[in-house]
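The structure appears below as structure tokens.
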Amino acid sequence: MGKIYYIIGKSSTGKDTIYKRILNDESLHLQSVVLYTTRPIRDGEIPDVTYHYVDEETFQKLKREGRILEDRAYNTVHGLWRYFTVNDESLDLENRDYLIIGVLKSYLSIRDSFGAENVVPIYIEVDDGIRLQRALDREKKPENRKFTEMCRRYLSDSEDFAEEKLTAAGIDRRFINDDLERCIDEIRTYIGGIQNGYKSQSDNG
């Protein structure tokens with residue numbers, strides 16, 4: 001039985017960069033699960049690689065069919081945006097390990113769907129002041145400049161990732177991203193250790 005390694009953290013903690021680096025590490029043999037979203041595609045994103053971009057009607061259809069494993073909705077200044085995971089043909093947990101990126105709520109839903117023993121949280125943490133500066137620098141770019149949405153996400157993170165919620169979710173291991181390379185090395189070692197552990201158990205069984 002494989003495992004799902006779930007990268008979570010507040011906005012501007014470097015999750016996307018870490019996710020890409022870990023996913024592309026051939027030594028870990030991790031598969032991606034492409035999430036679905038109803039938000040508009042952004043510059044540089046690739047359909048069916050970054051996300052599956054769908055409309056509200058498609059979301060409702062998948063929900064009626066009982067194929068949505070988890071979903072979250074955000075009332076942004078640009079309208080309602082949904083992000084969700086679909087139980088489709090790409091998931092084969094019997095034979096593969098997966099890497100997913102999301103938020104605490106989505107992690108909990110996936111954990112409940114597949115079992116806590118099969119879903120490993122990887123919580124990325126960065127000082128709030130550094131996060132805010134990173135977000136501000138990103139939004140200063142001419143193609144972004146969505147400062148209102150930036151502020152909404154920053155404030156929402158404080159509630160979504162409150163310490164009591166992290167404790168209730170059983171998240172006690174944190175990876176501090178104050179040095180990207182060191183952080184990635186720690187995560188790589190952590191995942192590799194888990195993989196070697198359950199593969200050794202399987203061999204001995």
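In the structure tokens, chains take the letters A, B, ... in the order shown, each chain's residues start at 1, and ligands count up from 1 in the order shown.
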Subject >> Within 10 Å of A:Leu132 using only C-alpha atoms, minus same-chain residues under 4 positions, as a PyMOL selection string >> reply: chain A and resi 11-13+126-128+136-138+150-151+154
Hey, can you spit out that residue selection with N, CA and C atoms as a short mmCIF file (atom, residue, chain, number, x, y, z; two decimals), in the first residue's frame?
data_model
loop_
_atom_site.label_atom_id
_atom_site.label_comp_id
_atom_site.auth_asym_id
_atom_site.auth_seq_id
_atom_site.Cartn_x
_atom_site.Cartn_y
_atom_site.Cartn_z
N SER A 11 -0.12 30.64 3.00
CA SER A 11 0.29 31.20 1.72
C SER A 11 1.69 31.81 1.84
N SER A 12 2.42 31.79 0.73
CA SER A 12 3.76 32.39 0.65
C SER A 12 4.78 31.72 1.57
N THR A 13 4.61 30.44 1.81
CA THR A 13 5.61 29.69 2.59
C THR A 13 6.56 28.92 1.68
N VAL A 126 6.83 29.36 7.90
CA VAL A 126 7.70 30.52 7.68
C VAL A 126 7.20 31.64 8.59
N ASP A 127 8.12 32.44 9.09
CA ASP A 127 7.77 33.60 9.92
C ASP A 127 6.74 34.46 9.20
N ASP A 128 5.71 34.91 9.91
CA ASP A 128 4.62 35.66 9.30
C ASP A 128 5.08 36.94 8.61
N LEU A 136 3.78 40.44 -0.77
CA LEU A 136 3.76 41.81 -1.27
C LEU A 136 4.67 41.96 -2.49
N ASP A 137 5.85 41.37 -2.43
CA ASP A 137 6.78 41.43 -3.56
C ASP A 137 6.17 40.78 -4.80
N ARG A 138 5.45 39.68 -4.60
CA ARG A 138 4.83 38.99 -5.73
C ARG A 138 3.73 39.84 -6.35
N MET A 150 -4.65 39.44 -1.67
CA MET A 150 -3.49 39.08 -0.87
C MET A 150 -3.79 39.26 0.61
N CYS A 151 -4.40 40.37 0.96
CA CYS A 151 -4.72 40.64 2.37
C CYS A 151 -5.75 39.66 2.90
N TYR A 154 -4.02 36.37 3.60
CA TYR A 154 -3.12 36.46 4.75
C TYR A 154 -3.91 36.36 6.05
#
Original post:
Per DSSP on the backbone, what are the helix (DSSP H, G or I) residues of chain A, as a PyMOL selection string?
Top reply: chain A and resi 15-23+56-64+104-114+116-118+128-139+147-160+163-168+180-204
Output C-alpha atoms for every residue in the selection just made, as a compact mmCIF listing (two decimals), in the first residue's frame.
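Everything below was put into out36.txt:
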# COMPACT_ATOMS: atom_id res chain seq x y z
CA LYS A 15 4.90 25.31 -0.85
CA ASP A 16 4.72 25.42 -4.65
CA THR A 17 8.50 25.50 -5.05
CA ILE A 18 9.01 22.73 -2.51
CA TYR A 19 6.28 20.63 -4.09
CA LYS A 20 7.87 20.86 -7.55
CA ARG A 21 11.35 20.06 -6.26
CA ILE A 22 10.22 17.06 -4.22
CA LEU A 23 7.97 15.77 -6.99
CA GLU A 56 -19.13 25.38 -11.58
CA GLU A 57 -21.42 23.07 -13.53
CA THR A 58 -18.70 20.42 -13.76
CA PHE A 59 -18.03 20.70 -10.03
CA GLN A 60 -21.71 20.15 -9.24
CA LYS A 61 -21.88 17.17 -11.60
CA LEU A 62 -18.86 15.49 -9.99
CA LYS A 63 -20.33 16.15 -6.55
CA ARG A 64 -23.63 14.50 -7.49
CA LEU A 104 -5.33 21.93 6.33
CA LYS A 105 -9.00 21.35 5.55
CA SER A 106 -8.22 19.42 2.37
CA TYR A 107 -5.56 17.37 4.16
CA LEU A 108 -8.10 16.33 6.81
CA SER A 109 -10.62 15.29 4.15
CA ILE A 110 -8.05 13.20 2.28
CA ARG A 111 -6.88 11.67 5.56
CA ASP A 112 -10.45 10.72 6.43
CA SER A 113 -10.97 9.23 2.96
CA PHE A 114 -7.80 7.10 2.84
CA ALA A 116 -4.45 8.41 8.75
CA GLU A 117 -1.93 5.59 8.31
CA ASN A 118 -1.80 6.27 4.55
CA ASP A 128 4.62 35.66 9.30
CA GLY A 129 6.57 38.84 8.58
CA ILE A 130 8.63 37.09 5.91
CA ARG A 131 5.47 35.59 4.40
CA LEU A 132 3.82 38.98 4.14
CA GLN A 133 6.86 40.51 2.47
CA ARG A 134 7.05 37.65 -0.02
CA ALA A 135 3.38 38.05 -0.88
CA LEU A 136 3.76 41.81 -1.27
CA ASP A 137 6.78 41.43 -3.56
CA ARG A 138 4.83 38.99 -5.73
CA GLU A 139 1.80 41.25 -6.04
CA PHE A 147 -3.51 43.38 -3.14
CA THR A 148 -7.02 43.03 -1.71
CA GLU A 149 -6.99 39.30 -2.36
CA MET A 150 -3.49 39.08 -0.87
CA CYS A 151 -4.72 40.64 2.37
CA ARG A 152 -7.76 38.38 2.49
CA ARG A 153 -5.61 35.26 2.15
CA TYR A 154 -3.12 36.46 4.75
CA LEU A 155 -5.86 37.06 7.35
CA SER A 156 -7.64 33.84 6.45
CA ASP A 157 -4.46 31.86 7.04
CA SER A 158 -4.34 32.98 10.66
CA GLU A 159 -7.69 31.34 11.26
CA ASP A 160 -7.26 28.32 8.98
CA GLU A 163 -2.38 26.40 16.58
CA GLU A 164 -5.35 24.61 18.12
CA LYS A 165 -6.39 23.34 14.66
CA LEU A 166 -2.90 22.05 13.94
CA THR A 167 -2.83 20.30 17.30
CA ALA A 168 -6.27 18.76 16.73
CA LEU A 180 15.02 26.50 0.95
CA GLU A 181 17.74 23.94 0.24
CA ARG A 182 17.97 22.81 3.84
CA CYS A 183 14.19 22.56 4.09
CA ILE A 184 13.96 20.46 0.92
CA ASP A 185 16.76 18.17 2.16
CA GLU A 186 14.91 17.62 5.44
CA ILE A 187 11.68 16.76 3.64
CA ARG A 188 13.48 14.47 1.19
CA THR A 189 15.14 12.61 4.07
CA TYR A 190 11.85 12.40 5.97
CA ILE A 191 9.91 10.91 3.03
CA GLY A 192 12.77 8.58 2.14
CA GLY A 193 12.89 7.28 5.69
CA ILE A 194 9.18 6.50 5.69
CA GLN A 195 9.41 4.79 2.30
CA ASN A 196 12.35 2.65 3.38
CA GLY A 197 10.52 1.75 6.58
CA TYR A 198 7.33 0.44 5.05
CA LYS A 199 9.12 -1.20 2.12
CA SER A 200 11.36 -3.06 4.58
CA GLN A 201 8.29 -4.18 6.53
CA SER A 202 6.74 -5.43 3.31
CA ASP A 203 9.88 -7.37 2.41
CA ASN A 204 10.03 -8.96 5.85
**OP:** Determine the nearest neighbour of A:Pro40 from the options A:Ile122, A:Leu80, A:Met1, A:Ile8, counting only C-alpha atoms.
**Re:** A:Leu80
Subject >> Residues near A:Lys3, cut-off 7 Å, only C-alpha atoms, skip fewer than 5 positions along chain, as a ChimeraX atom specification >> reply: /A:93,97-98,118-119
Once you have the residues from the selection above, write them out as a short mmCIF file (atom, residue, chain, number, x, y, z; two decimals), in the first residue's frame, restricted to C-alpha atoms.
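Output saved as part_4.cif:
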data_model
loop_
_atom_site.label_atom_id
_atom_site.label_comp_id
_atom_site.auth_asym_id
_atom_site.auth_seq_id
_atom_site.Cartn_x
_atom_site.Cartn_y
_atom_site.Cartn_z
CA LEU A 93 -2.71 3.95 -3.94
CA ASP A 97 3.14 6.94 -3.58
CA TYR A 98 1.67 10.37 -4.23
CA ASN A 118 -1.80 6.27 4.55
CA VAL A 119 -1.66 10.10 4.52
#
Subject >> strand (DSSP E or B) per DSSP on the backbone: members of stretch 22-186 of chain A, as a PyMOL selection string >> reply: chain A and resi 30-32+36-37+47+51-53+68-76+79-86+97-102+119-125+174-176
Suppose we keep C-alpha atoms; can you now write the selection as a PDB file, in the first residue's frame?
ATOM      1  CA  LEU A  30       6.329  10.178  -6.220  1.00  0.00           C
ATOM      2  CA  GLN A  31       3.322  10.636  -8.485  1.00  0.00           C
ATOM      3  CA  SER A  32       1.328  13.854  -8.735  1.00  0.00           C
ATOM      4  CA  TYR A  36      -9.314  20.710  -9.921  1.00  0.00           C
ATOM      5  CA  THR A  37     -10.268  24.377  -9.660  1.00  0.00           C
ATOM      6  CA  PRO A  47      -4.016  23.136 -18.056  1.00  0.00           C
ATOM      7  CA  TYR A  51      -4.740  22.208 -12.267  1.00  0.00           C
ATOM      8  CA  HIS A  52      -7.700  20.803 -14.141  1.00  0.00           C
ATOM      9  CA  TYR A  53      -9.616  24.000 -14.883  1.00  0.00           C
ATOM     10  CA  ILE A  68     -15.194  14.518  -4.952  1.00  0.00           C
ATOM     11  CA  LEU A  69     -12.877  13.515  -2.109  1.00  0.00           C
ATOM     12  CA  GLU A  70     -12.487  17.010  -0.684  1.00  0.00           C
ATOM     13  CA  ASP A  71     -13.294  20.551  -1.673  1.00  0.00           C
ATOM     14  CA  ARG A  72     -12.952  24.067  -0.361  1.00  0.00           C
ATOM     15  CA  ALA A  73     -14.489  27.288  -1.557  1.00  0.00           C
ATOM     16  CA  TYR A  74     -13.176  30.830  -1.261  1.00  0.00           C
ATOM     17  CA  ASN A  75     -15.297  33.938  -1.657  1.00  0.00           C
ATOM     18  CA  THR A  76     -12.605  36.059  -3.239  1.00  0.00           C
ATOM     19  CA  GLY A  79     -15.939  35.712  -7.132  1.00  0.00           C
ATOM     20  CA  LEU A  80     -16.303  32.174  -5.793  1.00  0.00           C
ATOM     21  CA  TRP A  81     -13.263  29.969  -6.429  1.00  0.00           C
ATOM     22  CA  ARG A  82     -13.299  26.243  -5.690  1.00  0.00           C
ATOM     23  CA  TYR A  83     -10.393  23.834  -5.316  1.00  0.00           C
ATOM     24  CA  PHE A  84     -11.092  20.121  -5.072  1.00  0.00           C
ATOM     25  CA  THR A  85      -9.724  16.593  -5.417  1.00  0.00           C
ATOM     26  CA  VAL A  86     -11.514  14.044  -7.571  1.00  0.00           C
ATOM     27  CA  ASP A  97       3.141   6.940  -3.582  1.00  0.00           C
ATOM     28  CA  TYR A  98       1.672  10.374  -4.231  1.00  0.00           C
ATOM     29  CA  LEU A  99       2.527  13.988  -3.461  1.00  0.00           C
ATOM     30  CA  ILE A 100      -0.288  16.518  -3.058  1.00  0.00           C
ATOM     31  CA  ILE A 101      -0.288  20.184  -2.083  1.00  0.00           C
ATOM     32  CA  GLY A 102      -3.210  21.822  -0.292  1.00  0.00           C
ATOM     33  CA  VAL A 119      -1.657  10.098   4.520  1.00  0.00           C
ATOM     34  CA  VAL A 120       1.472  11.887   5.791  1.00  0.00           C
ATOM     35  CA  PRO A 121       1.271  15.652   6.480  1.00  0.00           C
ATOM     36  CA  ILE A 122       4.262  17.816   5.583  1.00  0.00           C
ATOM     37  CA  TYR A 123       3.664  21.178   7.213  1.00  0.00           C
ATOM     38  CA  ILE A 124       5.751  24.083   5.901  1.00  0.00           C
ATOM     39  CA  GLU A 125       6.254  27.037   8.227  1.00  0.00           C
ATOM     40  CA  ARG A 174       7.155  21.194  11.101  1.00  0.00           C
ATOM     41  CA  PHE A 175       9.585  22.012   8.320  1.00  0.00           C
ATOM     42  CA  ILE A 176      10.876  25.566   8.684  1.00  0.00           C
TER      43      ILE A 176
END
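Of the listed residues A:Asn177, A:Gly66, A:Leu91, A:Val103, the one whose atoms come nearest to A:Phe161 is A:Val103, with distances taken using only C-alpha atoms.
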Subject >> For A:Lys10, the nearest of the candidates A:Asp92, A:Asp178, A:Arg67, A:Ala162, counting only C-alpha atoms >> reply: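 Ranked by minimum distance to A:Lys10, first place goes to A:Ala162.
Compared by their closest atoms to A:Ser90, and using only C-alpha atoms, the residues A:Ile7, A:Val34, A:Leu28, A:Ile171 rank with A:Val34 nearest.
Each of A:Ile46, A:Ala169, A:Val54, A:Val33 was compared to A:Arg96 using only C-alpha atoms, and A:Val33 turns out to be the nearest.
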